[in-house]
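Report on one structure; see the data block that follows.
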Amino acid sequence: MADLKIEGLVRRFGTVRAVDDVSIHVADGEFVTLLGPSGCGKSTTLAAVAGLDRPDGGRITVGGKTYFDSARGIYLPPESRGCGLVFQSYALWPHMTVADNVAFPLTLRKVKTADRKRRIAEVLALVEMEPYADRYPHMLSGGQQQRVALARTLVYQPSILLLDEPLSNLDAKLRDRARAWLAELRTRLGLTTIYVTHDQIEALSLSDRIVVMSAGRIAQLGSPQDIYERPADPFVADFIGTTNFLPAKVAALTGGVATLELADGQRVEVTADRPPVAGSRVTLAFRPEQMRAATAGEASGAEGSVIATRVLSRSYIGGRWQVALDLADAPIRLETEVPPTGDELHLWLPRAGCILFAGASNGAA
Amino acid sequence: MSTTTDVGAAIAPRRFRREIPIQYGMAALVVVLVAAPLLPILYQSILDGALYDSSARLTLGNFARLAETAGFGGVLWNTFLLALLSTVVAQLFGTAAAILFGRTDIPGARTLGELFLWPMYLSALVLSFGWYSIYGPAGYVTVFWQSMFGEAPWSLYSIGGMAMIAGVSQAPLAYLYCLSSAGMTDPTLEEAARVAGAGTFRTMWRITLPLMMPAIAYSAVLNFTIGLELLSVPLIFGEPAGITVLTTFLYNISAASPRPDHGLVATAAALMLVVIVFLVWLQSRLLGNTRRFVTLGGKATRPRPFRLGALRWPLFAICAVYILLSGVAPIGMLVLRAFTSFLSPMVPLADVLTLENFEMLWREPVYARSITNSFIVSLFGAALATVLIGMVALIVHRSEFRFRGLVHYAALFPRAIPGVVAGIGFFYAFALVPGLGGIRNSIWILVIAFTMRFIPTGLGAVAPMLLQVSPDLDRAARVQGADWWTTTRRIMTPLMRPALVACYTVLFISFFKEYSTAIFLFAPGSEVVGTALLQAWIQGEVGVVAGLATIQVFVIAVCITTARAIFGVRLHG
């Protein structure tokens with residue numbers, strides 16, 4: 001086991017910088033997720049660590065061993081790195097049985113037959129696939145194939161474990177179960193792990209730390225709580241969970257409380273971690289679960305503010321209603337158990353917990 | 001996992017990386033193989049004496065002499081005309097067949113389509129003999145026609161007649177390209193026209209056919225190229241009538257000449273090479289595609305067929321007659337001729353049935369040897385070539401080899417080398433390099449030349465299947481510690497097995513019917529069926545020709561049937 005250091009990694013495809021000066025330090029035994037939309041550079045970063053793609057610049061070291069260093073012209077071929085990589089497609093060799101697939105990396109390391117058999121049995125037991133040792137991959141379900149792929153990687157005790165969207169080919173129900181299983185396995189093994197996904201639930205529930213990537217750069221690096229509760233910019237706020245954005249102007253600043261004036265003149269009071277400049281344009285961001293429909297006759301107070309919105313549409317999504325609201329042309333999404341009756345709905349927003357970003361933004365930037 | 005002994009995740013990097021000598025070795029082999037026939041030709045074309053004559057000096061005089069050669073302008077014109085006409089014939093029949101068999105509810109479309117492809121599997125040489133036995137001066141149909149209506153209005157010994165045979169043998173190519181284009185076209189485009197109120201034939205004319213235009217244009221350039229390279233048809237029908245084209249011109253002044261003028265031969269070959277290289281470049285511009293030989297691929301989805309209505313059966317009859325007259329009857333007659341001593345509509349068949357022709361093949365060492373040689377060349381040569389092509393495909397598509405782009409280019413370059421030029425070029429190459437005399441007079445020179453010729457064909461069979469194997473499968477092996485060579489042997493080779501079987505089949509057939517390269521390279525003792533056919537033809541041994549042709553047809557038919565039945569190989573798109 002080892003720590004992983006990525007320093008100033010750059011990968012260009014033509015004029016596009018797919019990975020643009022990325023530096024990450026993953027501690028020994030840490031589980032770090034690279035999260036981002038497709039094309040953000042997360043898979044390219046993973047491929048660079050595994051040695052499947054040669055970067056244009058930077059340095060990658062694992063446990064003191066240099067995998068890649070553009071300055072010194074070092075580039076280890078993948079077979080000399082000792083990484084474990086589980087592919088999105090699982091990449092089980094169709095012409096070999098489960099046992100043969102798992103045996104392959106051991107044969108390469110010239111492990112003696114008796115020892116090999118024991119290790120195969122152990123690792124298959126670990127992933128609960130022992131009864132399937134003699135099956136061929138096409139006879140297994142997606143979830144089973146995923147376990148075999150993991151077993152094939154764990155069997156040679158890689159220095160770091162790389163997981164490339166391992167759950168994305170499973171259907172929704174199976175994915176939930178596989179995720180819980182993976183979380184349990186991860187605590188048991190304690191391997192240094194890089195996990196690539198575009199699924200925020202997987203990222204939040206599995207990781208020690210999350211690296212949110214966008215357009216080849218790191219948008220934010222932090223714990224799941226950091227990322228969710230204190231997003232660094234509108235992109236992160238929008239990408240992780242659902243976020244509503246309201247453009248506003250700072251009307252007044254008293255103590256830690258900012259009074260914001262929304263586009264249609266309504267006022268909202270929030271406490272801000274990073275106090276904005278009075279009179280500047282800001283964007284107020286808040287999660288759907290932070291707000292609720294105001295009770296009849298409720299007014300703004302010290303706990304929160306009440307604002308009036310227009311109801312655009314409502315749809316039943318099973319157990320709850322999803323309501324699309326409009327506040328001076330800014331869309332707001334609300335989930336509620338009681339559907340609004342009229343064309344207008346009063347929303348209650350808490351004073352604490354909302355986030356302010358400088359400048360006007362709708363999260364797409 | 002703490003209970004297990006640590007095996008050490010990383011394998012110590014090898015000081016010596018095995019893939020380096022393998023990849024460089026294969027790259028060098030391919031480059032040498034492709035350059036071997038080309039460089040001597042280019043060199044000889046600027047020498048005033050023979051290549052092996054040390055007193056020869058550099059000159060540009062050969063180009064002037066070629067231009068001044070009597071009748072050379074006519075040769076170029078004939079070449080162009082024959083290629084053009086055969087292309088027109090091939091495109092007409094091929095496109096019509098693609099629409100009828102691929103897009104309409106014509107009865108028996110599958111069977112008709114299969115039969116339509118048959119000329120592609122046979123060599124144009126054999127098809128020519130077949131046509132001769134039916135439409136030649138003493139052919140079955142000709143004699144029959146004469147007895148009924150007087151003089152027959154056709155002659156195979158003309159540009160038109162030759163274009164007809166060449167066109168029929170090339171029509172399958174146009175058919176396959178148009179068919180695969182039709183298969184990949186969005187069927188809703190046609191349905192939209194139907195819904196908008198267009199009838200069957202208007203939709204075909206305004207939608208289906210225009211959508212096929214890229215395929216028609218591409219296969220037209222392809223067929224034009226093949227028309228320029230064609231040797232057999234003009235050799236059999238053009239020469240007796242005094243119609244010379246570039247290939248027969250080359251044949252006459254080299255292989256058939258007692259004292260060849262090497263400067264002139266090389267210059268004419270170089271000229272041909274330049275033209276074909278240009279046309280092949282044009283093909284790649286047209287399609288951005290490296291497939292010169294349709295071998296494998298295509299999609300199974302078929303849009304809703306057009307309804308022909310009342311024309312269904314009349315069109316079926318026309319197609320059936322075409323297939324009967326163009327392929328089935330000539331080949332059938334050739335086979336029948338092989339089992340008879342004489343064939344004429346005037347003589348009852350029972351009186352002339354005999355196995356004498358085959359006894360002759362058995363008795364005469366030249367013919368017996370040619371058959372054995374053909375089998376050796378095809379069985380072993382194709383196996384060697386398959387190994388080479390499999391390696392090339394893996395290096396090009398599945399390695400980080402620095403020069404893989406160059407290897408790919410070199411491996412595909414033989415598309416631009418006509419068989420005639422390859423034959424002359426290898427002849428020079430072996431004359432030039434001392435110590436290769438042993439190979440020059442054996443069948444191994446044929447194996448080498450055929451291998452070079454058909455690398456692109458083999459790659460065409462392997463590459464599409466290889467590209468379907470997920471790159472993750474070999475990446476997984478690499479990450480787990482296998483180097484490139486271990487991955488190639490343990491993972492890729494087993495996964496490529498169907499592709500290699502298809503490649504071997506295609507190469508076996510190609511090697512078995514190849515003649516144009518061989519007639520410049522064979523020596524007494526290294527005859528193959530193709531060269532023996534031509535020799536027997538020149539000596540007027542019609543029975544022997546029919547016998548050898550029958551054997552060739554039979555072997556190829558068995559090969560195709562076996563490959564399909566046992567391995568499920570699809571030999572075309």
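Residues in the structure tokens are named by chain (A, B, ... in the order shown) and by number from 1 within that chain; ligands are numbered from 1 in the order shown.
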
Closest atom pairs, residues of chain A within 7 Å of chain B, only C-alpha atoms, as CSV:
```
residue,atom,partner,partner_atom,distance
A:Ala50,CA,B:Val479,CA,6.7
A:Pro78,CA,B:Val479,CA,5.0
A:Glu79,CA,B:Gly481,CA,3.8
A:Ser80,CA,B:Pro13,CA,5.1
A:Arg81,CA,B:Ala10,CA,5.6
A:Gly82,CA,B:Ala10,CA,3.8
A:Cys83,CA,B:Val479,CA,6.4
A:Gly84,CA,B:Gln480,CA,6.7
A:Leu85,CA,B:Val479,CA,6.8
A:Ala91,CA,B:Leu473,CA,4.8
A:Leu92,CA,B:Leu473,CA,6.7
A:Trp93,CA,B:Leu473,CA,6.3
A:Pro105,CA,B:Gln480,CA,5.7
A:Leu108,CA,B:Ala482,CA,6.5
A:Arg109,CA,B:Ile11,CA,6.9
A:Tyr156,CA,B:Ala9,CA,5.5
A:Gln157,CA,B:Ala9,CA,5.5
A:Pro158,CA,B:Ala9,CA,4.8
A:Ser159,CA,B:Ala9,CA,6.3
A:Leu189,CA,B:Met1,CA,7.0
```

Selected residues written out, N, CA and C atoms, as a PDB file, in the first residue's frame:
```pdb
ATOM      1  N   ALA A  50      -2.862   4.789 -14.293  1.00  0.00           N
ATOM      2  CA  ALA A  50      -2.732   3.369 -14.612  1.00  0.00           C
ATOM      3  C   ALA A  50      -1.663   3.121 -15.669  1.00  0.00           C
ATOM      4  N   PRO A  78       2.324   0.199 -18.209  1.00  0.00           N
ATOM      5  CA  PRO A  78       1.335  -0.193 -17.208  1.00  0.00           C
ATOM      6  C   PRO A  78       1.718  -1.457 -16.443  1.00  0.00           C
ATOM      7  N   GLU A  79       2.378  -2.411 -17.160  1.00  0.00           N
ATOM      8  CA  GLU A  79       2.665  -3.689 -16.500  1.00  0.00           C
ATOM      9  C   GLU A  79       3.707  -3.571 -15.392  1.00  0.00           C
ATOM     10  N   SER A  80       4.458  -2.471 -15.374  1.00  0.00           N
ATOM     11  CA  SER A  80       5.479  -2.330 -14.342  1.00  0.00           C
ATOM     12  C   SER A  80       5.014  -1.472 -13.175  1.00  0.00           C
ATOM     13  N   ARG A  81       3.750  -1.090 -13.158  1.00  0.00           N
ATOM     14  CA  ARG A  81       3.294  -0.155 -12.136  1.00  0.00           C
ATOM     15  C   ARG A  81       2.673  -0.847 -10.916  1.00  0.00           C
ATOM     16  N   GLY A  82       2.027  -1.983 -11.147  1.00  0.00           N
ATOM     17  CA  GLY A  82       1.406  -2.688 -10.036  1.00  0.00           C
ATOM     18  C   GLY A  82       0.137  -2.042  -9.511  1.00  0.00           C
ATOM     19  N   CYS A  83      -0.556  -1.324 -10.394  1.00  0.00           N
ATOM     20  CA  CYS A  83      -1.859  -0.773 -10.005  1.00  0.00           C
ATOM     21  C   CYS A  83      -2.920  -1.851 -10.175  1.00  0.00           C
ATOM     22  N   GLY A  84      -4.038  -1.660  -9.496  1.00  0.00           N
ATOM     23  CA  GLY A  84      -5.200  -2.495  -9.771  1.00  0.00           C
ATOM     24  C   GLY A  84      -6.244  -1.605 -10.405  1.00  0.00           C
ATOM     25  N   LEU A  85      -6.815  -2.022 -11.547  1.00  0.00           N
ATOM     26  CA  LEU A  85      -7.804  -1.184 -12.219  1.00  0.00           C
ATOM     27  C   LEU A  85      -9.038  -2.017 -12.523  1.00  0.00           C
ATOM     28  N   ALA A  91     -14.157  -5.824 -18.318  1.00  0.00           N
ATOM     29  CA  ALA A  91     -13.048  -6.382 -19.096  1.00  0.00           C
ATOM     30  C   ALA A  91     -12.652  -7.777 -18.632  1.00  0.00           C
ATOM     31  N   LEU A  92     -13.631  -8.616 -18.346  1.00  0.00           N
ATOM     32  CA  LEU A  92     -13.316 -10.022 -18.044  1.00  0.00           C
ATOM     33  C   LEU A  92     -13.028 -10.714 -19.362  1.00  0.00           C
ATOM     34  N   TRP A  93     -11.991 -11.529 -19.386  1.00  0.00           N
ATOM     35  CA  TRP A  93     -11.637 -12.202 -20.633  1.00  0.00           C
ATOM     36  C   TRP A  93     -12.641 -13.307 -20.923  1.00  0.00           C
ATOM     37  N   PRO A 105      -3.257 -12.866 -13.195  1.00  0.00           N
ATOM     38  CA  PRO A 105      -2.211 -12.023 -12.597  1.00  0.00           C
ATOM     39  C   PRO A 105      -1.276 -12.803 -11.681  1.00  0.00           C
ATOM     40  N   LEU A 108       1.302 -14.562 -13.870  1.00  0.00           N
ATOM     41  CA  LEU A 108       2.315 -13.607 -14.317  1.00  0.00           C
ATOM     42  C   LEU A 108       3.372 -13.396 -13.246  1.00  0.00           C
ATOM     43  N   ARG A 109       2.944 -13.515 -11.978  1.00  0.00           N
ATOM     44  CA  ARG A 109       3.879 -13.295 -10.872  1.00  0.00           C
ATOM     45  C   ARG A 109       4.500 -14.600 -10.403  1.00  0.00           C
ATOM     46  N   TYR A 156      -3.873  -9.777  -6.496  1.00  0.00           N
ATOM     47  CA  TYR A 156      -2.425  -9.569  -6.482  1.00  0.00           C
ATOM     48  C   TYR A 156      -2.023  -8.392  -5.604  1.00  0.00           C
ATOM     49  N   GLN A 157      -2.942  -7.952  -4.743  1.00  0.00           N
ATOM     50  CA  GLN A 157      -2.648  -6.899  -3.776  1.00  0.00           C
ATOM     51  C   GLN A 157      -1.962  -5.702  -4.406  1.00  0.00           C
ATOM     52  N   PRO A 158      -2.704  -4.980  -5.229  1.00  0.00           N
ATOM     53  CA  PRO A 158      -2.122  -3.833  -5.909  1.00  0.00           C
ATOM     54  C   PRO A 158      -1.751  -2.737  -4.921  1.00  0.00           C
ATOM     55  N   SER A 159      -0.777  -1.909  -5.318  1.00  0.00           N
ATOM     56  CA  SER A 159      -0.358  -0.826  -4.419  1.00  0.00           C
ATOM     57  C   SER A 159      -1.457   0.223  -4.304  1.00  0.00           C
ATOM     58  N   LEU A 189     -10.790  -3.503   3.672  1.00  0.00           N
ATOM     59  CA  LEU A 189      -9.495  -3.621   3.004  1.00  0.00           C
ATOM     60  C   LEU A 189      -8.574  -2.443   3.282  1.00  0.00           C
TER      61      LEU A 189
END
```

Skip Val501 in chain B itself and residues of its chain fewer than 5 positions away, then list as a list in words all residues within 10 Å of it, counting only C-alpha atoms.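 Non-adjacent residues within range: Ala383, Thr386, Ala461, Val462, Met496, Val506, Leu507, Ala563, Phe567, Gly568 and Val569 of chain B.
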
Residues just named, written with C-alpha atoms as a CSV table (one decimal), in the first residue's frame:
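Resulting contents of again-v3.csv:
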```csv
chain,number,residue,atom,x,y,z
B,383,ALA,CA,-1.0,-19.7,-43.0
B,386,THR,CA,-2.2,-15.0,-41.7
B,461,ALA,CA,-10.7,-9.5,-42.9
B,462,VAL,CA,-8.9,-9.1,-39.5
B,496,MET,CA,-8.9,-13.1,-32.5
B,506,VAL,CA,-9.9,-15.3,-47.8
B,507,LEU,CA,-6.1,-15.7,-48.3
B,563,ALA,CA,-15.5,-21.9,-43.7
B,567,PHE,CA,-16.6,-21.5,-38.6
B,568,GLY,CA,-19.5,-19.4,-39.5
B,569,VAL,CA,-17.2,-17.1,-41.4
```

In range 63-278 of chain A, DSSP helix (DSSP H, G or I) residues written as a PyMOL selection string: chain A and resi 78-80+98-108+113-126+130-132+137-139+142-154+172-189+200-206+224-229+234-239

Counting only C-alpha atoms, what is within 10 Å of range 401-404 of chain B, bar same-chain residues fewer than 4 positions away, as a ChimeraX atom specification? /B:19-20,23-24,27,392-397,408-410

Skipping near chain neighbours, those fewer than 2 positions away, what residues fall within 12 Å of Gly279 in chain A using only C-alpha atoms, listed as a PyMOL selection string? chain A and resi 248-253+258-261+275-277+281-282+358-359

Taking C-alpha atoms for each residue, export the selection above as a PDB file, in the first residue's frame.
```pdb
ATOM      1  CA  ALA A 248     -29.810  39.335  -5.953  1.00  0.00           C
ATOM      2  CA  LYS A 249     -28.225  42.584  -4.811  1.00  0.00           C
ATOM      3  CA  VAL A 250     -26.806  43.192  -1.339  1.00  0.00           C
ATOM      4  CA  ALA A 251     -29.124  45.899   0.045  1.00  0.00           C
ATOM      5  CA  ALA A 252     -27.686  46.096   3.556  1.00  0.00           C
ATOM      6  CA  LEU A 253     -25.093  44.433   5.755  1.00  0.00           C
ATOM      7  CA  ALA A 258     -26.938  40.388   4.797  1.00  0.00           C
ATOM      8  CA  THR A 259     -30.207  41.717   3.481  1.00  0.00           C
ATOM      9  CA  LEU A 260     -30.611  40.764  -0.168  1.00  0.00           C
ATOM     10  CA  GLU A 261     -32.931  42.371  -2.645  1.00  0.00           C
ATOM     11  CA  PRO A 275     -19.592  38.549   3.936  1.00  0.00           C
ATOM     12  CA  PRO A 276     -20.338  40.130   0.550  1.00  0.00           C
ATOM     13  CA  VAL A 277     -19.700  43.747  -0.361  1.00  0.00           C
ATOM     14  CA  ARG A 281     -24.457  41.672  -7.230  1.00  0.00           C
ATOM     15  CA  VAL A 282     -24.573  38.182  -5.748  1.00  0.00           C
ATOM     16  CA  ALA A 358     -20.266  36.807  -5.870  1.00  0.00           C
ATOM     17  CA  GLY A 359     -21.594  37.906  -9.246  1.00  0.00           C
TER      18      GLY A 359
END
```

Name all residues at most 10 Å from range 41-48 of chain A (count only C-alpha atoms; drop same-chain ones fewer than 6 positions away) and give them as a VMD selection string. chain A and resid 6 9 to 11 17 to 20 22 33 to 35 54 to 56 59 to 60 67 to 68 78 85 162 to 165 194 to 198 211 to 218

Just list as a list in words whatever in range 75-106 of chain A DSSP marks as strand (DSSP E or B). Tyr75, Gly84, Leu85 and Val86 of chain A

d(CA of Ala2 in chain A, CA of Ala71 in chain A) in Å: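 Atom-to-atom, CA of Ala2 in chain A and CA of Ala71 in chain A are spaced 22.7 Å apart.
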
For Trp537 in chain B, please output as a CSV table (one decimal) with C-alpha atoms, in the first residue's frame all residues within 10 Å (counting only C-alpha atoms; exclusion window: fewer than 5 positions along the same chain).
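Below is the file result-v7.csv, written as the result:
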```csv
chain,number,residue,atom,x,y,z
B,129,PHE,CA,-12.8,-19.6,-70.3
B,236,ILE,CA,-7.2,-14.2,-73.8
B,531,THR,CA,0.0,-20.3,-64.9
B,532,ALA,CA,-0.8,-23.8,-66.1
B,542,VAL,CA,-9.1,-26.9,-74.1
B,543,GLY,CA,-9.8,-30.1,-72.3
B,544,VAL,CA,-7.0,-29.5,-69.9
B,545,VAL,CA,-8.1,-25.8,-69.4
B,546,ALA,CA,-11.6,-27.0,-68.5
```

Between CA of Thr336 in chain A and CA of Gly353 in chain A, what is the spacing in Å?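 For CA of Gly353 in chain A relative to CA of Thr336 in chain A, the distance reads 19.7 Å.
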
Residues at most 7 Å from range 240-245 of chain A, counting only C-alpha atoms, excluding those fewer than 4 positions away in the same chain, as number ranges by chain? A: 200, 228, 236, 283-288, 332-333, 362-363

Please produce a file of those selected residues containing N, CA and C atoms, as a compact mmCIF listing (two decimals), in the first residue's frame.
```txt
# COMPACT_ATOMS: atom_id res chain seq x y z
N GLN A 200 -23.12 11.46 -8.04
CA GLN A 200 -22.81 12.16 -6.79
C GLN A 200 -23.13 11.34 -5.56
N TYR A 228 -20.74 19.30 -0.29
CA TYR A 228 -22.20 19.45 -0.37
C TYR A 228 -22.66 20.72 0.32
N VAL A 236 -19.99 23.69 -8.75
CA VAL A 236 -20.01 22.58 -7.80
C VAL A 236 -21.38 22.49 -7.14
N THR A 283 -25.26 35.88 -6.06
CA THR A 283 -26.21 34.82 -6.38
C THR A 283 -26.47 34.04 -5.09
N LEU A 284 -27.73 33.92 -4.77
CA LEU A 284 -28.13 33.18 -3.58
C LEU A 284 -28.41 31.74 -4.00
N ALA A 285 -27.72 30.78 -3.35
CA ALA A 285 -27.91 29.37 -3.71
C ALA A 285 -28.44 28.62 -2.49
N PHE A 286 -29.45 27.78 -2.71
CA PHE A 286 -29.97 26.98 -1.59
C PHE A 286 -30.53 25.66 -2.10
N ARG A 287 -30.48 24.67 -1.23
CA ARG A 287 -30.93 23.33 -1.61
C ARG A 287 -32.44 23.21 -1.45
N PRO A 288 -33.08 22.35 -2.22
CA PRO A 288 -34.53 22.20 -2.10
C PRO A 288 -34.94 21.81 -0.67
N ILE A 332 -37.23 27.85 -9.70
CA ILE A 332 -36.99 27.22 -8.40
C ILE A 332 -37.70 25.88 -8.41
N ARG A 333 -37.02 24.85 -7.93
CA ARG A 333 -37.68 23.54 -7.83
C ARG A 333 -37.93 23.22 -6.36
N ASN A 362 -26.17 31.43 -12.86
CA ASN A 362 -27.28 30.50 -12.72
C ASN A 362 -26.78 29.09 -12.49
N GLY A 363 -25.51 28.98 -12.18
CA GLY A 363 -24.97 27.65 -11.89
C GLY A 363 -24.38 26.96 -13.10
```

For CA of Asn101 in chain A and CA of Trp181 in chain A, determine how far apart the two atoms are, in Å to one decimal place.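 So the answer is 21.7 Å.
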